[in-house]
Every structure is written in structure tokens, then in C-alpha cells.
Amino acid sequence: MSQTAKGHSAAGGIGEVIRRARVLSGRSQADVATELGYHQSKISRLESGKGTQDIDVLRAVAAVLDIPLGSLGLSSHTSADSRTDDMHRRNFLAASVVALAAPTPTPRVGIELVQALLPGPVPTEHAPQPVAALASRLSQARRLFYTCRYAELEGALPSLIADLRQAQDAARGGDQALSGLLATAYQTAVSLLLKLGDHGNAWLAVGRAMAEAERSADPVVMASSVRVQAHVLARDRHTAPAVTLIRHTADQLSGSYDRRAPEYLAALGLMLLRGVTAASAGGDRATTAEFLAEAQEVARYVGLDGPEAWANFSPTNVALHSVSASVVLGDAGTALEAAQPLMRRRIPVPERRAALWVEAARAYSQQGRLAEGYKALRIAESCASEDIRRRPSVLELAGDMAARDRRGAVPELRRFCQELGVQV
């Protein structure tokens, strides 16, 4: 796609975000135009993707329609450099807006979670909950993700997000702590949506996460939101913007590791590991090694290895990403060599244990060792059954391995695919 075509697609995506927000608010173009002091044609042009380069107009529309600034590629800062910040952010988010504008497959999650991600009024069936209670519920949700209980997490997130938004609305002038909790809830939604292959709604959740992270003014929350944004960029093969985003943010947060809190280091470390994923997906070996080295340095000062941790980061996690990067770069032998000591190590988090054996299965598959690959998938399933049976990328791997076994040397592969509902 040419740069001109990308620009038109991005503008059209911004227009669609505005149109959806207006429709959900129950207002006509004339109503919005009157409130802003514009002619109706101005709103019509914006929704068709015209005039979206006018940042001041976009900010005014966002305020009226309660659109998170991040969803329009804008910064929430009001400093003298805000216009520069806006253009910088819009460059990073251009790929995400294109993704929102493009046709997407049928959502893989329930409508309740999708609705929770949309702007609009929040139902108020009960009084706002205390911040401590909401934080406890959020910790439980994070644990559900790390233990691969995705169905439970999908059921818990909509009410949690709604209650966090209600509490935030009730806090006059906003509450930075609540914004941080809400950003983390949206980040968790992004991670779940990516696991289930729902990239379209993951973009929606990213916009919400970035907007709340900026309101929180918390570097830990911001680093975590940048991490999930880069994750979605890399998953949609926009690896160069993802790497740039990680590099730009890491440069502002790195250093003085011996004096940083564990949560700070974990957020930075996980963001660097996302840089490893993006760089390896782009075939950039030098940058992959650079991010890995930085993550290893951070991991010297922190070891949050359990599923109850707010952010799971440790030397083990760095080693796992080294294995994954080698697989992506096509170095199956290197990957399996690095995986051997990890296979003998106790990894407390089921999601991480399953990830190790899935990457081993990919490496075995690259080498044509389908029997070993099948065994690795079975071990991964024993670590986290739901993770294996619901992730489209793992189902695709199993189907590909079975299809390549044309002589039926590993009949268990086809039976496994039948169990998973994968057609070969």
C-alpha cells in the first residue's frame, strides 16, 4: 500500500470512529455540529475522512462525543508541545486506524466485552465500589489470564470495566489511580483478544488503554499500555512502528534499575520483551539481540514469577522470549537448545509453561520432527488446556503439522486435530 493510500485509509478510519461514537450517543450530525458551532457539512466531512488533519477540530469532536483521544491518534497533553505530541502519536497509530477501518472477521468474543470497550453512558445499578475492592477484582482478572482461564476472564471483564468507569465518573475531576486501574483492565482485554485472534476489537481496547494510561500519569501504566499497543502492531505485521514505539518509550524509562520498584522494572522489562517479539517478526536480528540484552539487564533486579504478580517478568520470561525469537527467525536448532534447560525448570505460570512447549512444537515442526512436535503440543495442553484449544495460532500449527504428515507416520496428529475441531 502506498503512503498516500495509507493516509486515506487512516483518515477514513478516524471518520468511522467519529461516526460510531455519534451514532452510539444517539445524536445526529446536526446536533453535534450545533453543539460545536459548526455547520453540519463539517461533521459529514469528518465522518467521510476529510479534514481529519485539523487537530483542534478533532479535539473538540472528541470532547463532545466522549471519544478517547488515543482512538483518534491524539495526545492528552496540554503542553506547548501538544501539537508535536499529537503528530508523533498519529504516526504511531496510523497502522491501528487502518486496521479499524479494514473489514474484520466475526468477533471471537462475546458482545458483552465488545460493548464494554465502546464509549457511552455507564449503567449504574449500584453505588460505586471502593478503589481497594476494584483493585482486588482487577488482580483476580490478571490471575485468570496468567492461568489461562479465558472463558472466566471474558465473563469477568465487562462488569469490571463498567464498575471502574462508574467509579471514575463519580470521582469529580477524575482520579489518576482509577485511570491506572482502568488502563490495566483495558490492557488485559487486549491480551485476551489477541490470544483469541480478535485483532479488530484489540485495536479498540488499545485506544482505550492508551487514553486512560495518559490520564493516570503513571509511567508503569504507560509502559504497559505501550507494550500492548506494540503487540497489536506486531501481530498485524507493522513491526517497524512497533519497534520504534518500544525504543522511544524505553529510552525515557531505562536506567537506575537498582533504585526502581519491582512493578516499574516488570513493566519496562515486559515492554522490552515485546520489542523482542516485534523485531524478530520483522527479521531484525540485531535489534532482537539488543532488546534481549536490555531485558536481561532489567531482569537482574526483579523476579516476579508467579501468576499472582501484577506483571509477570523474570529471567525465566526473558529466556522464554529468546526461544520464541529463535523460532521466528528460523533458528530451530538454537531454539531447542535454549529450551532444554527451561523444560527442566519449574515455571509457575501456566501461560508461560504452555508458551514454552508451543514454541518447542514450532521448532520441531520446522525441522520436520512431527512426532516430537505432537508430543510438545500435548505437554502444552496439559499445562494450559484452554490456552491450546482456543488460540487460533496453535490450532493452525496443529493443522499444518497434520497436513504435512501425508504418509500418516504420526496418526495421533490427525486424531488430535479432530479433538480440537481442526479440519485437515
# chains A, B, ... in the order shown; residues from 1 in each chain; ligands from 1

call {"tool": "residues_around", "arguments": {"residues": "A:Thr244", "least_positions_apart": "5", "cutoff": "10 Å", "atoms": "only C-alpha atoms", "output": "MDAnalysis selection string"}}
result
chainID A and resid 92 230 239 249:250 275 278:279

call {"tool": "write_last_selection", "arguments": {"atoms": "C-alpha atoms", "output": "compact mmCIF listing (two decimals), in the first residue's frame"}}
result
# COMPACT_ATOMS: atom_id res chain seq x y z
CA PHE A 92 2.48 5.54 15.58
CA ALA A 230 3.17 -2.63 20.14
CA THR A 239 6.80 -4.42 13.03
CA THR A 249 9.42 4.72 25.28
CA ALA A 250 12.22 2.57 26.70
CA GLY A 275 10.28 -5.30 21.36
CA ALA A 278 8.34 -7.25 17.09
CA ALA A 279 11.98 -7.13 15.97

call {"tool": "closest_atom_pairs", "arguments": {"of": "stretch 105-160 of chain A", "to": "stretch 166-182 of chain A", "cutoff": "7 Å", "atoms": "only C-alpha atoms", "output": "Markdown table"}}
result
| residue | atom | partner | partner_atom | distance |
| --- | --- | --- | --- | --- |
| A:Val122 | CA | A:Gln166 | CA | 6.2 |
| A:Thr124 | CA | A:Gln166 | CA | 7.0 |
| A:Pro128 | CA | A:Ala167 | CA | 5.0 |
| A:Gln129 | CA | A:Ala167 | CA | 6.6 |
| A:Ala135 | CA | A:Leu181 | CA | 6.8 |

call {"tool": "write_last_selection", "arguments": {"atoms": "N, CA and C atoms", "output": "mmCIF file, in the first residue's frame"}}
result
data_model
loop_
_atom_site.group_PDB
_atom_site.id
_atom_site.type_symbol
_atom_site.label_atom_id
_atom_site.label_comp_id
_atom_site.auth_asym_id
_atom_site.auth_seq_id
_atom_site.Cartn_x
_atom_site.Cartn_y
_atom_site.Cartn_z
ATOM 1 N N VAL A 122 -22.441 4.741 31.241
ATOM 2 C CA VAL A 122 -22.169 3.541 32.028
ATOM 3 C C VAL A 122 -23.393 3.215 32.877
ATOM 4 N N THR A 124 -25.608 2.253 35.938
ATOM 5 C CA THR A 124 -25.354 2.484 37.370
ATOM 6 C C THR A 124 -26.392 1.728 38.192
ATOM 7 N N PRO A 128 -20.926 3.230 43.425
ATOM 8 C CA PRO A 128 -19.533 2.950 43.050
ATOM 9 C C PRO A 128 -18.793 2.182 44.136
ATOM 10 N N GLN A 129 -17.986 1.226 43.719
ATOM 11 C CA GLN A 129 -17.226 0.418 44.673
ATOM 12 C C GLN A 129 -15.956 1.150 45.101
ATOM 13 N N ALA A 135 -9.464 -2.770 42.795
ATOM 14 C CA ALA A 135 -8.092 -3.230 42.568
ATOM 15 C C ALA A 135 -7.973 -4.730 42.822
#

call {"tool": "select_by_dssp", "arguments": {"residues": "stretch 217-392 of chain A", "states": "helix (DSSP H, G or I)", "output": "PyMOL selection string"}}
result
chain A and resi 219-235+239-253+257-259+262-281+285-299+315-328+332-343+350-366+370-383+385-390+392

call {"tool": "write_last_selection", "arguments": {"atoms": "C-alpha atoms", "output": "compact mmCIF listing (two decimals), in the first residue's frame"}}
result
# COMPACT_ATOMS: atom_id res chain seq x y z
CA PRO A 219 4.99 5.57 33.87
CA VAL A 220 4.33 1.95 34.85
CA VAL A 221 0.82 2.04 33.42
CA MET A 222 2.02 3.91 30.34
CA ALA A 223 4.77 1.36 29.66
CA SER A 224 2.23 -1.45 29.93
CA SER A 225 -0.13 0.29 27.52
CA VAL A 226 2.70 0.89 25.05
CA ARG A 227 3.52 -2.81 25.34
CA VAL A 228 0.04 -3.95 24.31
CA GLN A 229 -0.11 -1.35 21.55
CA ALA A 230 3.17 -2.63 20.14
CA HIS A 231 1.86 -6.18 20.47
CA VAL A 232 -1.14 -5.41 18.26
CA LEU A 233 1.04 -3.54 15.77
CA ALA A 234 3.41 -6.51 15.50
CA ARG A 235 0.55 -9.02 15.22
CA THR A 239 6.80 -4.42 13.03
CA ALA A 240 8.83 -1.28 12.26
CA PRO A 241 6.37 1.11 14.01
CA ALA A 242 6.16 -1.34 16.93
CA VAL A 243 9.94 -1.39 17.34
CA THR A 244 10.13 2.41 17.09
CA LEU A 245 7.41 2.81 19.69
CA ILE A 246 9.16 0.46 22.13
CA ARG A 247 12.54 2.10 21.56
CA HIS A 248 11.18 5.61 22.03
CA THR A 249 9.42 4.72 25.28
CA ALA A 250 12.22 2.57 26.70
CA ASP A 251 14.73 5.38 26.20
CA GLN A 252 12.66 7.50 28.57
CA LEU A 253 12.30 4.81 31.25
CA TYR A 257 17.45 -0.16 37.83
CA ASP A 258 18.83 -0.75 41.31
CA ARG A 259 16.67 2.09 42.63
CA PRO A 262 9.69 -4.10 41.11
CA GLU A 263 6.46 -3.04 39.37
CA TYR A 264 8.33 -0.39 37.39
CA LEU A 265 11.03 -2.85 36.33
CA ALA A 266 8.48 -5.52 35.41
CA ALA A 267 6.54 -3.10 33.19
CA LEU A 268 9.75 -1.94 31.48
CA GLY A 269 11.03 -5.49 31.10
CA LEU A 270 7.81 -6.76 29.56
CA MET A 271 7.80 -3.84 27.16
CA LEU A 272 11.34 -4.67 26.07
CA LEU A 273 10.30 -8.29 25.52
CA ARG A 274 7.53 -7.05 23.28
CA GLY A 275 10.28 -5.30 21.36
CA VAL A 276 11.99 -8.69 21.02
CA THR A 277 8.80 -10.12 19.54
CA ALA A 278 8.34 -7.25 17.09
CA ALA A 279 11.98 -7.13 15.97
CA SER A 280 12.20 -10.88 15.41
CA ALA A 281 8.92 -10.86 13.48
CA ARG A 285 18.38 -9.91 14.31
CA ALA A 286 20.47 -7.01 15.62
CA THR A 287 17.54 -5.23 17.24
CA THR A 288 16.22 -8.53 18.61
CA ALA A 289 19.56 -9.13 20.34
CA GLU A 290 19.64 -5.54 21.60
CA PHE A 291 16.20 -5.76 23.21
CA LEU A 292 17.01 -9.17 24.71
CA ALA A 293 20.22 -7.83 26.26
CA GLU A 294 18.37 -4.87 27.79
CA ALA A 295 15.64 -7.13 29.16
CA GLN A 296 18.25 -9.43 30.69
CA GLU A 297 19.82 -6.44 32.42
CA VAL A 298 16.46 -5.37 33.86
CA ALA A 299 15.77 -8.95 34.98
CA PRO A 315 14.91 -14.04 33.94
CA THR A 316 12.80 -17.07 33.02
CA ASN A 317 10.48 -14.90 30.96
CA VAL A 318 13.46 -13.39 29.15
CA ALA A 319 14.78 -16.87 28.36
CA LEU A 320 11.37 -17.90 27.01
CA HIS A 321 11.34 -14.94 24.65
CA SER A 322 14.81 -15.86 23.48
CA VAL A 323 13.44 -19.27 22.48
CA SER A 324 10.46 -17.70 20.72
CA ALA A 325 12.65 -15.21 18.84
CA SER A 326 14.89 -18.01 17.57
CA VAL A 327 11.85 -19.90 16.29
CA VAL A 328 10.51 -16.82 14.49
CA ALA A 332 15.04 -24.10 15.19
CA GLY A 333 18.20 -25.76 16.47
CA THR A 334 19.15 -22.72 18.54
CA ALA A 335 15.62 -22.51 19.89
CA LEU A 336 15.53 -26.13 21.03
CA GLU A 337 18.98 -25.84 22.61
CA ALA A 338 17.83 -22.80 24.59
CA ALA A 339 14.58 -24.54 25.51
CA GLN A 340 16.19 -27.63 27.05
CA PRO A 341 17.13 -26.12 30.44
CA LEU A 342 13.74 -24.38 30.62
CA MET A 343 11.97 -27.70 30.12
CA PRO A 350 0.66 -21.93 33.28
CA GLU A 351 0.50 -19.47 30.37
CA ARG A 352 4.30 -19.29 30.29
CA ARG A 353 4.72 -23.09 30.64
CA ALA A 354 2.36 -23.65 27.73
CA ALA A 355 4.17 -21.00 25.67
CA LEU A 356 7.48 -22.86 26.11
CA TRP A 357 6.10 -26.12 24.76
CA VAL A 358 4.22 -24.44 21.92
CA GLU A 359 7.45 -22.79 20.79
CA ALA A 360 9.20 -26.15 21.08
CA ALA A 361 6.49 -27.67 18.88
CA ARG A 362 7.06 -24.92 16.29
CA ALA A 363 10.79 -25.60 16.33
CA TYR A 364 10.30 -29.36 15.94
CA SER A 365 7.88 -28.66 13.11
CA GLN A 366 10.47 -26.50 11.34
CA LEU A 370 6.42 -34.05 13.67
CA ALA A 371 6.27 -36.76 16.33
CA GLU A 372 8.26 -34.63 18.76
CA GLY A 373 6.15 -31.63 17.78
CA TYR A 374 2.96 -33.51 18.58
CA LYS A 375 4.32 -34.55 21.99
CA ALA A 376 5.26 -30.93 22.73
CA LEU A 377 1.72 -29.79 21.90
CA ARG A 378 0.28 -32.43 24.20
CA ILE A 379 2.53 -31.26 27.03
CA ALA A 380 1.43 -27.68 26.35
CA GLU A 381 -2.17 -28.82 26.56
CA SER A 382 -1.53 -30.47 29.91
CA CYS A 383 -0.11 -27.15 31.17
CA SER A 385 -5.76 -26.79 28.08
CA GLU A 386 -7.83 -23.70 27.35
CA ASP A 387 -4.82 -21.85 26.01
CA ILE A 388 -4.19 -24.58 23.46
CA ARG A 389 -7.80 -25.26 22.49
CA ARG A 390 -8.88 -21.63 21.98
CA PRO A 392 -6.18 -19.77 16.62

call {"tool": "atom_distance", "arguments": {"atom1": "atom CA of A:Leu204", "atom2": "atom CA of A:Gly155"}}
result
18.2 Å

call {"tool": "atom_distance", "arguments": {"atom1": "atom CA of A:Gly399", "atom2": "atom CA of A:Arg345"}}
result
29.0 Å

call {"tool": "closest_residue", "arguments": {"among": "A:Ile67, A:Ala209, A:Ile347, A:Ile161", "to": "A:Ala21", "atoms": "only C-alpha atoms"}}
result
A:Ile67

call {"tool": "decode", "arguments": {"residues": "stretch 242-270 of chain A", "atoms": "N, CA and C atoms", "output": "tab-separated table (two decimals), in the first residue's frame"}}
result
chain	number	residue	atom	x	y	z
A	242	ALA	N	6.16	-0.75	15.59
A	242	ALA	CA	6.16	-1.34	16.93
A	242	ALA	C	7.53	-1.20	17.57
A	243	VAL	N	8.57	-1.50	16.81
A	243	VAL	CA	9.94	-1.39	17.34
A	243	VAL	C	10.26	0.06	17.70
A	244	THR	N	9.87	0.98	16.83
A	244	THR	CA	10.13	2.41	17.09
A	244	THR	C	9.42	2.87	18.35
A	245	LEU	N	8.19	2.43	18.52
A	245	LEU	CA	7.41	2.81	19.69
A	245	LEU	C	8.05	2.30	20.98
A	246	ILE	N	8.49	1.05	20.96
A	246	ILE	CA	9.16	0.46	22.13
A	246	ILE	C	10.46	1.19	22.42
A	247	ARG	N	11.25	1.43	21.37
A	247	ARG	CA	12.54	2.10	21.56
A	247	ARG	C	12.37	3.49	22.14
A	248	HIS	N	11.44	4.24	21.59
A	248	HIS	CA	11.18	5.61	22.03
A	248	HIS	C	10.77	5.64	23.50
A	249	THR	N	9.90	4.73	23.90
A	249	THR	CA	9.42	4.72	25.28
A	249	THR	C	10.49	4.20	26.24
A	250	ALA	N	11.19	3.15	25.84
A	250	ALA	CA	12.22	2.57	26.70
A	250	ALA	C	13.34	3.57	26.98
A	251	ASP	N	13.67	4.39	26.00
A	251	ASP	CA	14.73	5.38	26.20
A	251	ASP	C	14.38	6.36	27.32
A	252	GLN	N	13.09	6.58	27.53
A	252	GLN	CA	12.66	7.50	28.57
A	252	GLN	C	12.59	6.85	29.95
A	253	LEU	N	12.53	5.52	29.99
A	253	LEU	CA	12.30	4.81	31.25
A	253	LEU	C	13.51	4.04	31.76
A	254	SER	N	14.52	3.83	30.93
A	254	SER	CA	15.63	2.97	31.32
A	254	SER	C	16.60	3.69	32.25
A	255	GLY	N	17.39	2.88	32.94
A	255	GLY	CA	18.42	3.42	33.84
A	255	GLY	C	18.03	3.34	35.31
A	256	SER	N	19.05	3.39	36.18
A	256	SER	CA	18.87	3.37	37.64
A	256	SER	C	18.03	2.18	38.10
A	257	TYR	N	18.28	1.00	37.52
A	257	TYR	CA	17.45	-0.16	37.83
A	257	TYR	C	17.53	-0.56	39.30
A	258	ASP	N	18.68	-0.34	39.92
A	258	ASP	CA	18.83	-0.75	41.31
A	258	ASP	C	18.01	0.11	42.26
A	259	ARG	N	17.46	1.22	41.77
A	259	ARG	CA	16.67	2.09	42.63
A	259	ARG	C	15.19	2.12	42.22
A	260	ARG	N	14.80	1.24	41.32
A	260	ARG	CA	13.42	1.23	40.83
A	260	ARG	C	12.59	0.19	41.57
A	261	ALA	N	11.29	0.45	41.65
A	261	ALA	CA	10.36	-0.51	42.27
A	261	ALA	C	10.17	-1.72	41.36
A	262	PRO	N	9.88	-2.89	41.94
A	262	PRO	CA	9.69	-4.10	41.11
A	262	PRO	C	8.62	-3.92	40.03
A	263	GLU	N	7.51	-3.23	40.36
A	263	GLU	CA	6.46	-3.04	39.37
A	263	GLU	C	6.95	-2.22	38.18
A	264	TYR	N	7.76	-1.22	38.45
A	264	TYR	CA	8.33	-0.39	37.39
A	264	TYR	C	9.22	-1.24	36.49
A	265	LEU	N	10.10	-2.03	37.11
A	265	LEU	CA	11.03	-2.85	36.33
A	265	LEU	C	10.29	-3.91	35.53
A	266	ALA	N	9.24	-4.49	36.12
A	266	ALA	CA	8.48	-5.52	35.41
A	266	ALA	C	7.80	-4.93	34.18
A	267	ALA	N	7.21	-3.74	34.33
A	267	ALA	CA	6.54	-3.10	33.19
A	267	ALA	C	7.54	-2.77	32.09
A	268	LEU	N	8.72	-2.25	32.47
A	268	LEU	CA	9.75	-1.94	31.48
A	268	LEU	C	10.27	-3.22	30.83
A	269	GLY	N	10.52	-4.25	31.65
A	269	GLY	CA	11.03	-5.49	31.10
A	269	GLY	C	10.07	-6.14	30.12
A	270	LEU	N	8.79	-6.18	30.46
A	270	LEU	CA	7.81	-6.76	29.56
A	270	LEU	C	7.70	-5.97	28.27
